[in-house]
>>> print(open('work.txt').read())   # compact mmCIF, C-alpha atoms
# COMPACT_ATOMS: atom_id res chain seq x y z
CA MET Z 10 0.00 0.00 0.00
CA LYS Z 11 2.69 2.41 1.07
CA MET Z 12 4.67 1.45 -2.00
CA SER Z 13 1.89 2.01 -4.51
CA LYS Z 14 1.04 5.39 -2.98
CA SER Z 15 4.56 6.66 -3.47
CA ILE Z 16 4.53 5.39 -7.05
CA ILE Z 17 1.36 7.31 -7.71
CA TYR Z 18 2.89 10.44 -6.20
CA THR Z 19 6.00 10.09 -8.31
CA ALA Z 20 3.93 9.59 -11.43
CA LEU Z 21 1.83 12.63 -10.60
CA LEU Z 22 4.92 14.70 -9.98
CA CYS Z 23 6.39 13.64 -13.32
CA ALA Z 24 3.19 14.48 -15.16
CA PHE Z 25 3.08 17.84 -13.43
CA SER Z 26 6.64 18.80 -14.29
CA LEU Z 27 6.13 17.63 -17.87
CA ALA Z 28 3.07 19.85 -18.15
CA LEU Z 29 5.15 22.75 -16.84
CA SER Z 30 8.10 22.25 -19.14
CA THR Z 31 6.20 21.76 -22.42
CA PRO Z 32 5.98 25.12 -24.18
CA ALA Z 33 2.44 26.24 -24.98
CA PRO Z 34 2.65 29.09 -27.48
CA ALA Z 35 -1.10 29.40 -27.95
CA ALA Z 36 -1.62 30.08 -24.27
CA GLU Z 37 1.33 32.47 -24.25
CA VAL Z 38 0.03 34.78 -26.96
CA GLU Z 39 -3.34 34.80 -25.24
CA GLN Z 40 -1.59 35.95 -22.06
CA VAL Z 41 0.22 38.69 -24.00
CA PHE Z 42 -3.07 39.83 -25.53
CA ASN Z 43 -4.89 39.76 -22.20
CA PHE Z 44 -2.13 41.67 -20.44
CA TYR Z 45 -1.51 44.48 -22.96
CA CYS Z 46 -4.46 44.69 -25.33
CA ALA Z 47 -7.58 43.58 -23.45
CA GLN Z 48 -7.52 46.79 -21.34
CA CYS Z 49 -9.08 48.49 -24.36
CA HIS Z 50 -9.98 45.76 -26.86
CA GLY Z 51 -11.62 43.47 -24.27
CA LEU Z 52 -10.71 39.91 -23.26
CA GLU Z 53 -12.64 38.56 -26.26
CA GLY Z 54 -11.36 41.28 -28.59
CA LYS Z 55 -14.76 42.89 -29.06
CA GLY Z 56 -13.48 46.41 -28.42
CA ASP Z 57 -15.12 46.58 -25.00
CA GLY Z 58 -12.27 46.56 -22.45
CA PRO Z 59 -12.65 48.26 -19.04
CA ASN Z 60 -11.15 51.53 -20.35
CA VAL Z 61 -13.96 51.96 -22.83
CA SER Z 62 -16.70 54.06 -21.25
CA LYS Z 63 -19.41 55.94 -23.14
CA THR Z 64 -17.16 59.00 -23.29
CA PHE Z 65 -14.05 57.16 -24.62
CA PRO Z 66 -12.97 59.27 -27.64
CA VAL Z 67 -12.76 56.46 -30.26
CA ASP Z 68 -13.99 52.89 -30.36
CA PRO Z 69 -11.08 50.46 -30.14
CA ARG Z 70 -11.22 48.03 -33.02
CA ASN Z 71 -13.59 45.09 -32.58
CA PHE Z 72 -11.38 42.20 -33.71
CA THR Z 73 -14.28 39.83 -34.23
CA LYS Z 74 -15.72 41.89 -37.11
CA ALA Z 75 -14.30 40.14 -40.17
CA LYS Z 76 -15.61 42.78 -42.58
CA GLU Z 77 -13.46 45.51 -41.03
CA MET Z 78 -10.48 43.30 -40.26
CA GLU Z 79 -10.25 42.04 -43.85
CA LYS Z 80 -9.37 45.55 -44.95
CA LEU Z 81 -6.10 45.39 -43.01
CA SER Z 82 -3.11 43.41 -44.24
CA ASP Z 83 -0.98 41.54 -41.71
CA ALA Z 84 1.75 44.12 -42.29
CA ASP Z 85 -0.69 46.98 -41.60
CA MET Z 86 -1.63 45.35 -38.33
CA LYS Z 87 1.90 44.75 -37.19
CA ASN Z 88 2.78 48.29 -38.09
CA VAL Z 89 -0.06 49.82 -36.08
CA ILE Z 90 0.67 47.54 -33.12
CA MET Z 91 4.32 48.55 -33.01
CA ASP Z 92 4.07 52.23 -33.95
CA GLY Z 93 0.61 53.17 -32.69
CA GLY Z 94 -2.54 54.66 -34.25
CA PRO Z 95 -1.00 57.87 -35.67
CA SER Z 96 1.44 55.83 -37.82
CA ALA Z 97 -1.60 54.72 -39.83
CA SER Z 98 -3.53 57.99 -39.54
CA LYS Z 99 -5.58 56.46 -36.74
CA SER Z 100 -6.25 57.69 -33.21
CA PRO Z 101 -3.33 58.10 -30.74
CA MET Z 102 -5.52 56.21 -28.27
CA MET Z 103 -4.07 53.11 -29.94
CA PRO Z 104 -0.64 53.03 -28.19
CA PRO Z 105 2.74 52.28 -29.77
CA TRP Z 106 4.11 49.00 -28.36
CA SER Z 107 7.50 48.83 -30.12
CA LYS Z 108 9.46 49.48 -26.91
CA THR Z 109 7.35 47.12 -24.83
CA ILE Z 110 6.82 43.87 -26.76
CA SER Z 111 9.13 41.83 -28.99
CA GLU Z 112 8.88 41.39 -32.78
CA ALA Z 113 7.94 37.77 -32.12
CA ASP Z 114 5.13 38.85 -29.79
CA ALA Z 115 3.83 41.25 -32.45
CA ASP Z 116 3.85 38.49 -35.09
CA ALA Z 117 2.05 36.15 -32.73
CA LEU Z 118 -0.51 38.85 -31.94
CA VAL Z 119 -1.27 39.38 -35.63
CA LYS Z 120 -1.98 35.65 -35.96
CA TYR Z 121 -4.08 35.75 -32.81
CA LEU Z 122 -6.17 38.63 -34.18
CA ARG Z 123 -6.68 36.69 -37.41
CA LYS Z 124 -8.04 33.86 -35.34
CA LEU Z 125 -10.40 36.22 -33.53
CA CYS Z 126 -11.81 37.61 -36.79
CA ASN Z 127 -11.62 34.25 -38.53
CA CYS Z 128 -10.57 36.15 -41.62
CA LYS Z 129 -7.66 36.74 -43.97
CA GLY Z 130 -5.98 40.07 -44.54
CA LYS Z 131 -5.86 42.22 -47.64
CA GLY Z 132 -3.29 40.79 -50.07
CA SER Z 133 -2.87 37.38 -48.46
CA MET E 26 25.54 33.59 36.85
CA LYS E 27 25.90 37.33 36.73
CA ARG E 28 28.64 36.93 34.18
CA LEU E 29 26.51 34.70 32.03
CA THR E 30 23.62 37.17 32.07
CA SER E 31 25.81 40.07 31.07
CA ALA E 32 27.45 37.99 28.35
CA LEU E 33 24.00 37.08 27.01
CA LEU E 34 22.84 40.66 27.24
CA GLY E 35 25.99 41.83 25.53
CA SER E 36 25.61 39.48 22.60
CA ALA E 37 21.93 40.36 22.30
CA LEU E 38 22.89 44.02 22.08
CA LEU E 39 25.55 43.21 19.50
CA MET E 40 23.02 41.38 17.35
CA LEU E 41 20.67 44.34 17.56
CA ALA E 42 23.42 46.69 16.48
CA ALA E 43 24.38 44.44 13.58
CA SER E 44 20.89 44.28 12.11
CA PRO E 45 18.83 47.20 13.30
CA VAL E 46 15.22 46.49 12.42
CA HIS E 47 13.16 49.62 11.97
CA ALA E 48 10.23 49.80 14.41
CA GLY E 49 7.96 50.36 11.41
CA GLU E 50 9.35 47.28 9.67
CA LYS E 51 8.42 45.17 12.71
CA ILE E 52 4.84 46.40 12.45
CA PHE E 53 4.91 45.83 8.68
CA THR E 54 5.89 42.20 9.29
CA ALA E 55 3.59 41.67 12.27
CA LYS E 56 0.58 42.95 10.30
CA LYS E 57 1.53 40.60 7.43
CA CYS E 58 1.81 43.48 4.97
CA ASN E 59 4.63 41.48 3.39
CA ALA E 60 2.17 38.77 2.33
CA CYS E 61 1.20 41.11 -0.53
CA HIS E 62 4.05 43.63 -0.80
CA TYR E 63 7.78 43.08 -1.19
CA THR E 64 10.11 45.73 0.18
CA GLN E 65 13.51 44.67 -1.08
CA GLY E 66 14.74 45.74 -4.52
CA PRO E 67 15.70 45.35 -7.25
CA ALA E 68 12.51 44.54 -9.20
CA ARG E 69 11.81 40.80 -9.25
CA GLU E 70 9.25 40.44 -12.05
CA LYS E 71 10.66 38.70 -15.13
CA SER E 72 7.50 37.64 -16.92
CA ILE E 73 3.82 38.48 -17.21
CA ALA E 74 3.14 35.47 -14.97
CA ASP E 75 5.40 36.96 -12.26
CA GLN E 76 3.45 40.22 -12.36
CA LEU E 77 0.09 38.43 -12.31
CA ALA E 78 1.14 36.34 -9.30
CA LYS E 79 1.57 39.46 -7.15
CA LYS E 80 -1.18 40.34 -4.69
CA GLY E 81 -0.21 43.98 -4.36
CA PRO E 82 2.19 46.62 -5.72
CA GLU E 83 5.90 46.38 -4.85
CA LEU E 84 7.00 48.85 -2.19
CA TRP E 85 10.79 48.65 -2.42
CA TYR E 86 11.01 52.22 -3.77
CA ALA E 87 8.07 53.59 -1.75
CA GLY E 88 10.24 56.35 -0.26
CA SER E 89 11.01 57.66 -3.75
CA LYS E 90 7.47 57.23 -5.07
CA PHE E 91 5.16 58.66 -2.43
CA GLN E 92 4.77 61.87 -0.52
CA GLN E 93 5.13 61.22 3.21
CA LYS E 94 2.04 63.15 4.25
CA TRP E 95 -0.18 61.34 1.79
CA LEU E 96 1.23 57.94 2.73
CA GLN E 97 0.66 58.37 6.44
CA ALA E 98 -2.92 59.50 5.89
CA TRP E 99 -3.68 56.78 3.32
CA LEU E 100 -2.50 53.94 5.59
CA GLN E 101 -5.14 55.04 8.10
CA ASP E 102 -7.87 55.51 5.52
CA PRO E 103 -6.96 53.54 2.38
CA LYS E 104 -9.35 54.72 -0.34
CA PRO E 105 -9.05 52.87 -3.68
CA ILE E 106 -6.30 54.12 -6.01
CA ARG E 107 -6.91 51.59 -8.78
CA SER E 108 -10.47 51.48 -10.05
CA LEU E 109 -10.17 47.73 -10.73
CA LYS E 110 -9.04 44.96 -8.41
CA TYR E 111 -5.25 44.48 -8.57
CA ASN E 112 -4.33 42.51 -11.72
CA SER E 113 -7.95 42.15 -12.83
CA LEU E 114 -9.76 43.62 -15.83
CA THR E 115 -13.21 42.47 -14.82
CA VAL E 116 -13.61 42.86 -11.04
CA ASN E 117 -13.88 46.26 -9.34
CA ASN E 118 -11.50 47.24 -6.53
CA PRO E 119 -13.20 45.83 -3.42
CA GLY E 120 -11.80 48.74 -1.35
CA ASN E 121 -10.91 46.43 1.55
CA HIS E 122 -7.24 47.34 2.07
CA PRO E 123 -6.05 46.73 5.67
CA LYS E 124 -6.11 49.86 7.84
CA LEU E 125 -3.54 50.98 10.39
CA ALA E 126 -4.09 52.95 13.60
CA ALA E 127 -2.48 56.41 13.67
CA ALA E 128 0.65 55.46 15.63
CA ASP E 129 1.33 52.36 13.54
CA ALA E 130 0.72 54.30 10.33
CA LYS E 131 3.34 56.82 11.44
CA SER E 132 5.97 54.13 12.15
CA VAL E 133 5.24 52.19 8.96
CA THR E 134 5.39 55.43 6.93
CA ASP E 135 8.76 56.27 8.49
CA PHE E 136 9.98 52.80 7.51
CA LEU E 137 8.58 52.92 3.95
CA MET E 138 10.10 56.37 3.40
CA THR E 139 13.56 54.84 3.98
CA LEU E 140 13.06 52.61 0.90
CA THR E 141 14.42 54.64 -1.96
CA SER E 142 15.84 54.18 -5.46
CA LYS E 143 19.01 55.82 -6.66
CA SER E 144 17.47 56.39 -10.09
CA VAL E 145 15.31 59.20 -8.77
CA LYS E 146 17.06 62.56 -8.98
CA SER E 147 15.46 64.95 -6.51
CA GLY E 148 14.37 68.54 -7.05
CA PHE E 149 14.34 68.17 -10.83
CA ILE E 150 10.60 68.22 -11.58
CA LYS E 151 8.38 71.03 -10.35
CA PRO E 152 4.60 70.56 -10.69
CA LYS E 153 3.35 72.78 -13.50
CA LYS E 154 0.17 72.92 -15.54
CA ASN E 155 1.86 73.35 -18.90
CA PRO E 156 0.13 73.22 -22.31
CA LYS E 157 2.75 70.90 -23.84
CA GLY E 158 2.35 68.36 -21.04
CA ARG E 159 -1.40 68.55 -21.38
CA LEU E 160 -1.21 68.05 -25.14
CA ILE E 161 0.88 64.91 -24.67
CA PHE E 162 -1.33 63.52 -21.91
CA VAL E 163 -4.73 63.98 -23.58
CA LYS E 164 -3.95 64.15 -27.29
CA LYS E 165 -0.61 62.93 -28.61
CA MET E 166 -0.19 59.92 -26.35
CA PRO E 167 -2.78 57.49 -24.98
CA CYS E 168 -2.17 58.32 -21.28
CA SER E 169 -5.79 59.37 -20.72
CA GLY E 170 -7.00 56.12 -22.27
CA CYS E 171 -5.85 54.17 -19.20
CA HIS E 172 -5.72 56.73 -16.38
CA ALA E 173 -8.43 58.76 -14.71
CA PHE E 174 -7.41 62.42 -14.61
CA PRO E 175 -8.97 65.57 -13.14
CA GLY E 176 -10.60 68.31 -15.18
CA LYS E 177 -13.86 69.57 -16.59
CA LYS E 178 -13.88 67.39 -19.69
CA LYS E 179 -16.68 64.91 -20.23
CA PHE E 180 -14.09 62.16 -20.71
CA LYS E 181 -12.61 61.42 -17.29
CA GLY E 182 -10.06 58.88 -18.53
CA GLY E 183 -9.69 55.11 -18.56
CA ARG E 184 -9.49 52.75 -15.62
CA SER E 185 -6.88 50.05 -16.26
CA GLY E 186 -4.10 52.19 -14.76
CA PRO E 187 -4.02 53.73 -11.27
CA SER E 188 -6.13 56.88 -11.02
CA LEU E 189 -3.98 59.99 -11.38
CA VAL E 190 -6.58 62.23 -9.76
CA GLY E 191 -4.75 63.75 -6.80
CA ALA E 192 -1.35 62.61 -8.13
CA GLY E 193 0.04 66.00 -7.09
CA LYS E 194 -0.50 65.06 -3.45
CA ARG E 195 0.28 61.36 -3.74
CA LEU E 196 3.32 61.01 -5.98
CA ASN E 197 6.80 62.51 -5.85
CA PRO E 198 7.12 64.61 -9.07
CA ASP E 199 10.72 63.42 -9.55
CA TRP E 200 9.58 59.80 -9.35
CA ILE E 201 6.94 60.36 -12.09
CA PHE E 202 9.72 61.47 -14.42
CA ALA E 203 12.03 58.60 -13.41
CA TYR E 204 9.16 56.12 -13.91
CA LEU E 205 8.78 57.29 -17.52
CA LYS E 206 12.51 57.46 -18.18
CA ASP E 207 13.81 54.39 -16.32
CA THR E 208 10.77 52.16 -16.64
CA LYS E 209 12.67 48.86 -16.45
CA GLU E 210 14.23 49.80 -13.14
CA PHE E 211 10.84 50.11 -11.47
CA LYS E 212 8.57 47.93 -13.59
CA PRO E 213 10.25 45.51 -15.98
CA VAL E 214 6.81 44.02 -16.70
CA ARG E 215 3.76 46.25 -16.82
CA SER E 216 0.73 46.74 -19.02
CA MET E 217 1.57 50.40 -19.59
CA PRO E 218 3.67 50.94 -22.75
CA VAL E 219 7.33 51.88 -22.42
CA PHE E 220 7.73 55.45 -23.67
CA LYS E 221 11.50 55.68 -23.55
CA GLY E 222 12.61 56.29 -27.13
CA LEU E 223 9.12 57.44 -28.14
CA LEU E 224 8.92 60.55 -25.97
CA SER E 225 12.00 62.77 -25.70
CA GLU E 226 13.34 63.46 -22.19
CA LYS E 227 12.20 67.04 -22.61
CA ASN E 228 8.64 65.89 -23.28
CA MET E 229 8.78 63.36 -20.45
CA LYS E 230 9.69 66.23 -18.18
CA LYS E 231 6.74 68.28 -19.45
CA VAL E 232 4.24 65.47 -18.98
CA ALA E 233 5.67 64.64 -15.52
CA GLN E 234 5.25 68.29 -14.50
CA TYR E 235 1.70 68.17 -15.80
CA VAL E 236 0.76 64.95 -13.96
CA ALA E 237 2.39 66.31 -10.79
CA SER E 238 -0.02 69.27 -10.97
CA PHE E 239 -3.12 67.02 -10.79
CA LYS E 240 -5.34 67.90 -7.86
>>> encode(input="work.txt", output="C-alpha cells")
Amino acid sequence: MKMSKSIIYTALLCAFSLALSTPAPAAEVEQVFNFYCAQCHGLEGKGDGPNVSKTFPVDPRNFTKAKEMEKLSDADMKNVIMDGGPSASKSPMMPPWSKTISEADADALVKYLRKLCNCKGKGS
Amino acid sequence: MKRLTSALLGSALLMLAASPVHAGEKIFTAKKCNACHYTQGPAREKSIADQLAKKGPELWYAGSKFQQKWLQAWLQDPKPIRSLKYNSLTVNNPGNHPKLAAADAKSVTDFLMTLTSKSVKSGFIKPKKNPKGRLIFVKKMPCSGCHAFPGKKKFKGGRSGPSLVGAGKRLNPDWIFAYLKDTKEFKPVRSMPVFKGLLSEKNMKKVAQYVASFK
C-alpha cells in the first residue's frame, strides 16, 4: 500500500513537471493579448475593455468583425501595433508598443487577431 | 551567573546593532503586509506570470514614489487608487485594504520612506500645468486612455491604470519622471507601454510636470 502510494505520487509529480516544461505558445500569446491589449480591446477582442466608457474618444477596433479586419493586411496590423494609431492615420488612443513587446510577440498577436476575426488580410 | 547574564545581554545588544530592524518594519511584518508587498529591490518580475502572481504593488522604492504626508494618511484611511481589483480587468476594486491605527501608520510610513531608489534625482521636476504636457497627456499619447485624470472634460479617462486624480498630493514629481525614463528599473513588466525612445526626455519632463499638478 505504502509502495503504490509513493509510485502514484512520483507519477503525478512527473506528469506535473512535464506539463510545466512543455511550451504552450497558444496560451502564451493569449496571455500577452490579455495583459496588454484587453484593457481596451476586451478579453474577447470585441473592443469593450474596461477603459472603454461611453465617453471614450474612439472605439477600439472590434477584432471579431471580419468585414473591417479584412481591410487590413498583416503588415498593416503589425505596423499599427508597433508604432501606434498615428502611424496609420488612426487615433493616438491606440498606443505604440514597439518598446514594450518583442517582434515575435507582435507576429504572434497578428496571428491571434486573425483567429479572432476568422478572416484573412488584404493581399494574403 | 551574573557573568553569564551580562554575556548574554551583551551578545543580544551586539546582534541588535548588527541588524537594526526599523520599528515600522516590525509592524509591517507583524501585520503581514509582506504577504502582498515586497520591500527589497531590485525589481523581481521577469514575466507576465510573475506580475500576475503578485497580490499587491511592490513597495521597495516607496520612499522615492510617495509623498510622506499622503502615505501616512492613506494607511489610516486607504481609499481605492486603482479602479479595478489588482491585476484584474473584470472585477472592481473591493476597497478592503487593511487599515492601520495612527501610531502604527506613522511608524510604517517612516519605515517605507527609507526605501528609496538611486534612479530618482530629486528637485528636478516642479509641478506645472503646462500646455505641452497637457497636449501629450490627452492628445498625442494614450495616457488618458488608461488613467483617470482631473478636469472639466466629459471624458474622465480610462481605468486600467491607477487613477492619477490627486497625483500632485500622492506622488513625488521626480519619481513620475524617473518612472517614464527608467521604466525597467521600477517595472520591468507592466501593461503600460514603455515610452522611452518614443517621448523625448524634454517631453517626459513636461508630462511629468503636468501629472504632478493634478489635484
>>> interface_residues(input="work.txt", of="chain Z", to="chain E", cutoff="8 Å", atoms="all atoms listed in the file", output="list in words")
Gln40, Val41, Phe44, Tyr45, Ala47, Gln48, Gly58, Pro59, Asn60, Val61, Ser62, Thr64, Phe65, Pro66, Pro101, Met102, Met103, Pro104, Pro105, Trp106, Lys108 and Thr109 of chain Z
>>> closest_residue(input="work.txt", among="E:Ile52, E:Ala192, E:Ala233, E:Ile106", to="Thr134 (chain E)", atoms="all atoms listed in the file")
E:Ile52
>>> closest_residue(input="work.txt", among="E:Ala60, E:Ala126, E:Ile201, E:Leu189", to="Lys90 (chain E)", atoms="all atoms listed in the file")
E:Ile201
>>> closest_residue(input="work.txt", among="E:Pro119, E:Gly88, E:Pro187, E:Gly176", to="Trp200 (chain E)", atoms="only C-alpha atoms")
E:Gly88
>>> atom_distance(input="work.txt", atom1="CA of Phe91 (chain E)", atom2="CA of Leu137 (chain E)")
9.2 Å
>>> atom_distance(input="work.txt", atom1="CA of Pro156 (chain E)", atom2="CA of Asp199 (chain E)")
19.3 Å
>>> residues_around(input="work.txt", residues="Lys87 (chain Z)", least_positions_apart="4", cutoff="7 Å", atoms="only C-alpha atoms", output="VMD selection string")
chain Z and resid 83 91 115 to 116 119
>>> atom_distance(input="work.txt", atom1="CA of Met78 (chain Z)", atom2="CA of Lys129 (chain Z)")
8.0 Å
>>> closest_residue(input="work.txt", among="E:Glu70, E:Lys194, E:Asn118, E:Lys153", to="Ala98 (chain E)", atoms="only C-alpha atoms")
E:Lys194
